[in-house]
Amino acid sequence: MTGPSDLSSSYDLVVIGGGPAGLAAAALAARAGVSTVLFDENPGIGGQIYRGITSTPIKNRAVLGEDYWAGASLAAEAKASGAQIVTGATVWSLDPSRQVGVSIGGEARMIQAHRVIIATGSLERPFPIPGWTLPGVMTAGAAQTALKAHGLVPEGRVLLAGSGPLLWLLAAQLLRAGTTIETILDTTPRSNWLRALPHLADFLLSPYWSKGLALLREVRAKVPVIPVQRLSAHGEGKLQHVEYQSAGKDYRRQADMLFLHQGVVPNVNLANAAGVAHRWSERQLCFEPVLDVDSGSSVSGISVAGDGAGIAGGTAAVERGRIAAIAAVRAVKPSASVPDPQSVRQRLQREELGRGFLDALYRPADMFRLPEGETIVCRCEEVMAQQIHDMAAKGCEGPNQMKAFLRCGMGPCQGRLCGLTVTELIANERHTRPADVGYYRLRPPVKPITLAELASLPISEAERKAVER
Amino acid sequence: MFKRLGETASIVTIEVDGKTVRARTGDTVAAAMLAGGIDHCRTTPVSGAPRAPYCLMGVCFECLVIIDGIGSRQGCLIPVRDGMRVETQQGKREAGR
């Protein structure tokens, strides 16, 4: 295990996040002779898509599928590249001068980077339905992580609900692992098909087409799929039943586990706190960093690659990581030989072909993004939708003011699970656009650290004398 | 809640609220708790409602637990160690931890 004392005080390139984008970026840069360190807060590399790729207890390759195992060569390449790969390393701060605050095993260090690639990926879009805080309700991603990293499968009456490719992939993986899924409650609005149709031609040319169709067939052959327009989870202290509306009728179904999913959105916390400018994407209904063609952000020397730069998927993330790494290598070591970025961009374009169709088809319905009444929006501080509605109606203009009134976004998750909902609720109430409402202003530390970790930062004699009397 | 697919070779034991829980080397604390049938890992500071791991990827902070005396640790990011002492976190964080 790499500890804090194994780190240099500065690197040409610091890569934050060890998913496909981060691994590809670190491998390319290190091979070009650029001093590179990659930090990931998880116990292993792979990110979410290749979670547990070097350690998974799942030996039957068919369960997770060949697309998962493609991550093994990516991980091996990064390990062999000469990049220093540090897992269990939480980056809690990044500033515009590219000082990186990182904690490893309870000890903190400040690292100076010449270039930074943020590859912190995505997180699942908030799915604020009544009862989504009950034990027994989890995200689809959580079920996938439990399977990939730990060989765990849900038991009892298992329900999946929501919309999007990951929901179908999870269903297929659970079925292959022998799990019984009682029902899939599909929240995809039927009208989305019309929106998606203009993108169909591109989708048919993309690799997603045949894979997606096979996945749907595999799952639909074994699990009933019910289109639903309403959805809520209920129980005393834990999930006991799910209520939903389908074709105008109300239903109630006993359940032990409910896995929710309605797409993924960029995890913007670190980039936002570093001062990187973001904009609202109406196509993907989320904030994404403003980037140039080389993935460079509004902050000099900091780029963003992978799904954190806007959702495009794991294979696209590899190419986006390479594009960011080529720019970093050219900046710090112009003499080094790097792949032709044009050919990388062409591969990226192919990977991105099907995205327009998927974005349109799986655009989550308003009612699952704009909760009402007593539905919890901010899980940490238990702020309800009605409170946000009321405050916005009284004149609260944005999420940062909303913090002062309601404490929403001020709990330990720092807005990750409520930020988009709060922005959209305010925009809706005030008849304006999310772009005008904006997002939470985030500040370091973006992950909680202890005072002991801060106190462990090495200080120079001059720094000590500056405060000692 | 969750069960293991097949047997696991290397077993460690941790203690959760005084109860012995068997885990696999490589489990995170949250995974070990889910596999051990522990139905919640904390109660909320506002209403005291029970919460269990939600995202398992470090973003939701629902799996906060006390590990070896230090509170508010993310159970889903910390691997189990033999003899680790885990406590569920009740309501508000207590002064001193």
# chains A, B, ... in the order shown; residues from 1 in each chain; ligands from 1

$ residues_around --residues "Gly75 in chain B" --least-positions-apart "2" --cutoff "7 Å" --atoms "only C-alpha atoms" --output "list in words"
Thr28, Val29, Ala30, Cys63, Leu64, Val65, Arg73, Leu77 and Ile78 of chain B

$ write_last_selection --atoms "all heavy atoms" --output "compact mmCIF listing (two decimals), in the first residue's frame"
# COMPACT_ATOMS: atom_id res chain seq x y z
N THR B 28 -15.98 -3.95 2.01
CA THR B 28 -15.99 -2.69 2.75
C THR B 28 -16.87 -2.90 3.98
O THR B 28 -17.60 -3.90 4.07
CB THR B 28 -16.57 -1.55 1.90
OG1 THR B 28 -17.90 -1.91 1.53
CG2 THR B 28 -15.72 -1.30 0.66
N VAL B 29 -16.79 -1.97 4.92
CA VAL B 29 -17.59 -2.08 6.13
C VAL B 29 -19.08 -2.13 5.76
O VAL B 29 -19.84 -2.94 6.29
CB VAL B 29 -17.30 -0.89 7.07
CG1 VAL B 29 -18.28 -0.86 8.24
CG2 VAL B 29 -15.86 -0.97 7.60
N ALA B 30 -19.49 -1.29 4.81
CA ALA B 30 -20.91 -1.26 4.42
C ALA B 30 -21.33 -2.59 3.82
O ALA B 30 -22.42 -3.11 4.11
CB ALA B 30 -21.17 -0.12 3.43
N CYS B 63 -24.15 5.67 4.80
CA CYS B 63 -23.52 4.55 5.50
C CYS B 63 -22.55 5.02 6.57
O CYS B 63 -21.67 4.26 6.99
CB CYS B 63 -22.81 3.64 4.49
SG CYS B 63 -21.45 4.45 3.63
N LEU B 64 -22.70 6.26 7.03
CA LEU B 64 -21.80 6.76 8.07
C LEU B 64 -21.91 5.90 9.33
O LEU B 64 -23.01 5.62 9.81
CB LEU B 64 -22.15 8.21 8.42
CG LEU B 64 -21.94 9.25 7.32
CD1 LEU B 64 -22.30 10.65 7.83
CD2 LEU B 64 -20.51 9.23 6.80
N VAL B 65 -20.77 5.48 9.83
CA VAL B 65 -20.70 4.66 11.05
C VAL B 65 -19.50 5.10 11.88
O VAL B 65 -18.66 5.89 11.42
CB VAL B 65 -20.55 3.15 10.73
CG1 VAL B 65 -21.84 2.55 10.23
CG2 VAL B 65 -19.42 2.90 9.73
N ARG B 73 -17.56 7.95 9.64
CA ARG B 73 -16.73 7.38 8.58
C ARG B 73 -17.64 6.79 7.50
O ARG B 73 -18.67 6.21 7.82
CB ARG B 73 -15.81 6.27 9.12
CG ARG B 73 -14.99 6.61 10.34
CD ARG B 73 -13.85 7.59 10.10
NE ARG B 73 -13.08 7.43 8.89
CZ ARG B 73 -11.97 6.70 8.78
NH1 ARG B 73 -11.53 6.00 9.80
NH2 ARG B 73 -11.30 6.66 7.65
N LEU B 77 -16.42 3.03 1.85
CA LEU B 77 -15.10 3.28 1.28
C LEU B 77 -13.99 2.63 2.09
O LEU B 77 -12.84 2.62 1.67
CB LEU B 77 -14.83 4.80 1.20
CG LEU B 77 -15.70 5.61 0.25
CD1 LEU B 77 -15.33 7.08 0.31
CD2 LEU B 77 -15.56 5.10 -1.18
N ILE B 78 -14.34 2.10 3.26
CA ILE B 78 -13.30 1.60 4.15
C ILE B 78 -13.32 0.07 4.21
O ILE B 78 -14.34 -0.52 4.55
CB ILE B 78 -13.47 2.21 5.55
CG1 ILE B 78 -13.31 3.73 5.45
CG2 ILE B 78 -12.49 1.61 6.55
CD1 ILE B 78 -13.68 4.48 6.67

$ closest_atom_pairs --of "chain B" --to "chain A" --cutoff "9 Å" --atoms "only C-alpha atoms" --output "Markdown table"
| residue | atom | partner | partner_atom | distance |
| --- | --- | --- | --- | --- |
| B:Met1 | CA | A:Glu155 | CA | 5.6 |
| B:Phe2 | CA | A:Pro154 | CA | 4.2 |
| B:Lys3 | CA | A:Leu152 | CA | 5.5 |
| B:Arg4 | CA | A:Leu152 | CA | 4.6 |
| B:Leu5 | CA | A:Gly151 | CA | 5.6 |
| B:Gly6 | CA | A:Gly151 | CA | 8.3 |
| B:Thr8 | CA | A:Pro57 | CA | 8.1 |
| B:Arg24 | CA | A:His150 | CA | 8.1 |
| B:Gly26 | CA | A:His150 | CA | 7.4 |
| B:Asp27 | CA | A:His150 | CA | 6.0 |
| B:Thr28 | CA | A:Pro43 | CA | 8.3 |
| B:Ala31 | CA | A:Ala146 | CA | 6.8 |
| B:Ala32 | CA | A:His150 | CA | 8.8 |
| B:Leu34 | CA | A:Leu152 | CA | 8.8 |
| B:Ala35 | CA | A:Leu152 | CA | 7.2 |
| B:Asp39 | CA | A:Pro135 | CA | 6.8 |
| B:His40 | CA | A:Pro135 | CA | 6.5 |
| B:Thr44 | CA | A:Cys380 | CA | 7.5 |
| B:Pro45 | CA | A:Glu381 | CA | 7.9 |
| B:Val46 | CA | A:Glu381 | CA | 6.5 |
| B:Ser47 | CA | A:Glu382 | CA | 7.9 |
| B:Ala49 | CA | A:Gly237 | CA | 7.3 |
| B:Pro50 | CA | A:Gly237 | CA | 6.2 |
| B:Arg51 | CA | A:Pro135 | CA | 5.5 |
| B:Ala52 | CA | A:Pro135 | CA | 4.9 |
| B:Pro53 | CA | A:Met138 | CA | 7.3 |
| B:Tyr54 | CA | A:Met138 | CA | 4.5 |
| B:Cys55 | CA | A:Ala142 | CA | 4.8 |
| B:Leu56 | CA | A:Ala142 | CA | 4.9 |
| B:Met57 | CA | A:Ala142 | CA | 7.0 |
| B:Gly58 | CA | A:Asn42 | CA | 8.2 |
| B:Val59 | CA | A:Cys413 | CA | 6.2 |
| B:Cys60 | CA | A:Cys413 | CA | 5.4 |
| B:Phe61 | CA | A:Cys413 | CA | 5.5 |
| B:Glu62 | CA | A:Cys380 | CA | 8.0 |
| B:Ser72 | CA | A:Pro448 | CA | 8.8 |
| B:Arg73 | CA | A:Pro448 | CA | 8.9 |
| B:Cys76 | CA | A:Asn42 | CA | 8.5 |
| B:Leu77 | CA | A:Asn42 | CA | 5.5 |
| B:Ile78 | CA | A:Pro43 | CA | 7.1 |
| B:Pro79 | CA | A:Pro43 | CA | 6.8 |

$ residues_around --residues "Ser281 in chain A" --least-positions-apart "3" --cutoff "12 Å" --atoms "only C-alpha atoms" --output "list in words"
Val265, Pro266, His278, Gln284, Leu285, Cys286, Phe287, Glu288, Pro289, Val290, Ala309, Gly310, Ile311, Asp359, Leu420, Arg433, Pro434, Ala435 and Gly438 of chain A

$ residues_around --residues "Leu64 in chain A" --least-positions-apart "6" --cutoff "9 Å" --atoms "only C-alpha atoms" --output "list in words"
Ile58, Leu147, Lys148, Leu169, Leu170, Ala172, Gln173, Leu174, Arg176 and Ala177 of chain A

$ write_last_selection --atoms "N, CA and C atoms" --output "compact mmCIF listing (two decimals), in the first residue's frame"
# COMPACT_ATOMS: atom_id res chain seq x y z
N ILE A 58 -16.35 -12.51 -8.31
CA ILE A 58 -17.17 -13.14 -9.35
C ILE A 58 -16.25 -13.74 -10.42
N LEU A 147 -22.53 -6.45 -6.20
CA LEU A 147 -22.26 -7.65 -6.99
C LEU A 147 -20.81 -7.70 -7.47
N LYS A 148 -20.37 -6.61 -8.13
CA LYS A 148 -19.04 -6.61 -8.73
C LYS A 148 -17.93 -6.70 -7.68
N LEU A 169 -28.97 -3.32 -17.61
CA LEU A 169 -27.72 -4.06 -17.41
C LEU A 169 -27.71 -4.73 -16.04
N LEU A 170 -28.12 -3.99 -15.02
CA LEU A 170 -28.16 -4.57 -13.67
C LEU A 170 -29.10 -5.76 -13.64
N ALA A 172 -29.97 -7.76 -16.02
CA ALA A 172 -29.37 -8.91 -16.69
C ALA A 172 -28.30 -9.56 -15.82
N GLN A 173 -27.47 -8.73 -15.18
CA GLN A 173 -26.39 -9.27 -14.35
C GLN A 173 -26.95 -10.03 -13.14
N LEU A 174 -27.99 -9.46 -12.52
CA LEU A 174 -28.59 -10.13 -11.36
C LEU A 174 -29.22 -11.46 -11.78
N ARG A 176 -28.38 -13.35 -14.32
CA ARG A 176 -27.31 -14.31 -14.62
C ARG A 176 -26.70 -14.86 -13.33
N ALA A 177 -26.74 -14.04 -12.27
CA ALA A 177 -26.19 -14.50 -10.98
C ALA A 177 -27.21 -15.34 -10.21

$ select_by_dssp --residues "range 13-87 of chain B" --states "strand (DSSP E)" --output "list in words"
Thr13, Ile14, Glu15, Val16, Lys19, Thr20, Val21, Arg22, Ala23, Arg24, Arg42, Thr43, Pro50, Arg51, Leu64, Val65, Ile66, Ile67, Ile70, Gly71, Ser72, Arg73, Gln74, Arg85, Val86 and Glu87 of chain B

$ write_last_selection --atoms "N, CA and C atoms" --output "mmCIF file, in the first residue's frame"
data_model
loop_
_atom_site.group_PDB
_atom_site.id
_atom_site.type_symbol
_atom_site.label_atom_id
_atom_site.label_comp_id
_atom_site.auth_asym_id
_atom_site.auth_seq_id
_atom_site.Cartn_x
_atom_site.Cartn_y
_atom_site.Cartn_z
ATOM 1 N N THR B 13 -13.273 -11.314 10.906
ATOM 2 C CA THR B 13 -14.438 -10.994 11.728
ATOM 3 C C THR B 13 -14.312 -9.564 12.243
ATOM 4 N N ILE B 14 -15.445 -8.886 12.193
ATOM 5 C CA ILE B 14 -15.508 -7.550 12.765
ATOM 6 C C ILE B 14 -16.619 -7.560 13.810
ATOM 7 N N GLU B 15 -16.651 -6.498 14.593
ATOM 8 C CA GLU B 15 -17.662 -6.401 15.628
ATOM 9 C C GLU B 15 -18.564 -5.219 15.267
ATOM 10 N N VAL B 16 -19.872 -5.461 15.211
ATOM 11 C CA VAL B 16 -20.791 -4.358 14.946
ATOM 12 C C VAL B 16 -21.737 -4.245 16.145
ATOM 13 N N LYS B 19 -21.756 -7.198 18.292
ATOM 14 C CA LYS B 19 -22.086 -8.489 17.691
ATOM 15 C C LYS B 19 -21.008 -8.863 16.669
ATOM 16 N N THR B 20 -20.620 -10.139 16.665
ATOM 17 C CA THR B 20 -19.584 -10.570 15.728
ATOM 18 C C THR B 20 -20.171 -10.749 14.332
ATOM 19 N N VAL B 21 -19.540 -10.158 13.342
ATOM 20 C CA VAL B 21 -19.992 -10.281 11.954
ATOM 21 C C VAL B 21 -18.831 -10.819 11.130
ATOM 22 N N ARG B 22 -19.115 -11.911 10.402
ATOM 23 C CA ARG B 22 -18.097 -12.478 9.527
ATOM 24 C C ARG B 22 -18.105 -11.735 8.194
ATOM 25 N N ALA B 23 -16.929 -11.415 7.708
ATOM 26 C CA ALA B 23 -16.831 -10.693 6.441
ATOM 27 C C ALA B 23 -15.754 -11.317 5.582
ATOM 28 N N ARG B 24 -15.768 -10.940 4.318
ATOM 29 C CA ARG B 24 -14.769 -11.448 3.392
ATOM 30 C C ARG B 24 -13.655 -10.414 3.298
ATOM 31 N N ARG B 42 -27.191 3.875 10.680
ATOM 32 C CA ARG B 42 -27.252 5.089 11.497
ATOM 33 C C ARG B 42 -28.687 5.554 11.614
ATOM 34 N N THR B 43 -28.918 6.489 12.530
ATOM 35 C CA THR B 43 -30.192 7.193 12.547
ATOM 36 C C THR B 43 -29.895 8.657 12.276
ATOM 37 N N PRO B 50 -34.138 5.667 10.711
ATOM 38 C CA PRO B 50 -33.043 4.759 10.371
ATOM 39 C C PRO B 50 -32.616 4.923 8.914
ATOM 40 N N ARG B 51 -31.340 4.782 8.657
ATOM 41 C CA ARG B 51 -30.820 4.830 7.293
ATOM 42 C C ARG B 51 -29.858 3.671 7.083
ATOM 43 N N LEU B 64 -22.699 6.262 7.030
ATOM 44 C CA LEU B 64 -21.805 6.763 8.071
ATOM 45 C C LEU B 64 -21.911 5.896 9.325
ATOM 46 N N VAL B 65 -20.765 5.479 9.829
ATOM 47 C CA VAL B 65 -20.702 4.660 11.046
ATOM 48 C C VAL B 65 -19.503 5.105 11.880
ATOM 49 N N ILE B 66 -19.451 4.597 13.102
ATOM 50 C CA ILE B 66 -18.300 4.854 13.967
ATOM 51 C C ILE B 66 -17.358 3.662 13.814
ATOM 52 N N ILE B 67 -16.128 3.930 13.386
ATOM 53 C CA ILE B 67 -15.169 2.842 13.193
ATOM 54 C C ILE B 67 -13.982 3.042 14.130
ATOM 55 N N ILE B 70 -13.882 6.387 15.820
ATOM 56 C CA ILE B 70 -13.967 7.635 15.049
ATOM 57 C C ILE B 70 -15.306 7.686 14.311
ATOM 58 N N GLY B 71 -16.084 8.741 14.536
ATOM 59 C CA GLY B 71 -17.437 8.834 13.997
ATOM 60 C C GLY B 71 -17.477 9.336 12.569
ATOM 61 N N SER B 72 -18.658 9.203 11.957
ATOM 62 C CA SER B 72 -18.931 9.731 10.616
ATOM 63 C C SER B 72 -17.958 9.239 9.555
ATOM 64 N N ARG B 73 -17.558 7.953 9.641
ATOM 65 C CA ARG B 73 -16.726 7.384 8.575
ATOM 66 C C ARG B 73 -17.637 6.793 7.504
ATOM 67 N N GLN B 74 -17.226 6.909 6.244
ATOM 68 C CA GLN B 74 -18.020 6.338 5.153
ATOM 69 C C GLN B 74 -17.747 4.830 5.060
ATOM 70 N N ARG B 85 -13.743 -2.565 15.115
ATOM 71 C CA ARG B 85 -14.910 -2.326 15.960
ATOM 72 C C ARG B 85 -15.808 -1.264 15.301
ATOM 73 N N VAL B 86 -16.990 -1.674 14.907
ATOM 74 C CA VAL B 86 -17.916 -0.758 14.221
ATOM 75 C C VAL B 86 -19.116 -0.526 15.125
ATOM 76 N N GLU B 87 -19.562 0.725 15.179
ATOM 77 C CA GLU B 87 -20.794 1.022 15.914
ATOM 78 C C GLU B 87 -21.731 1.783 14.992
#
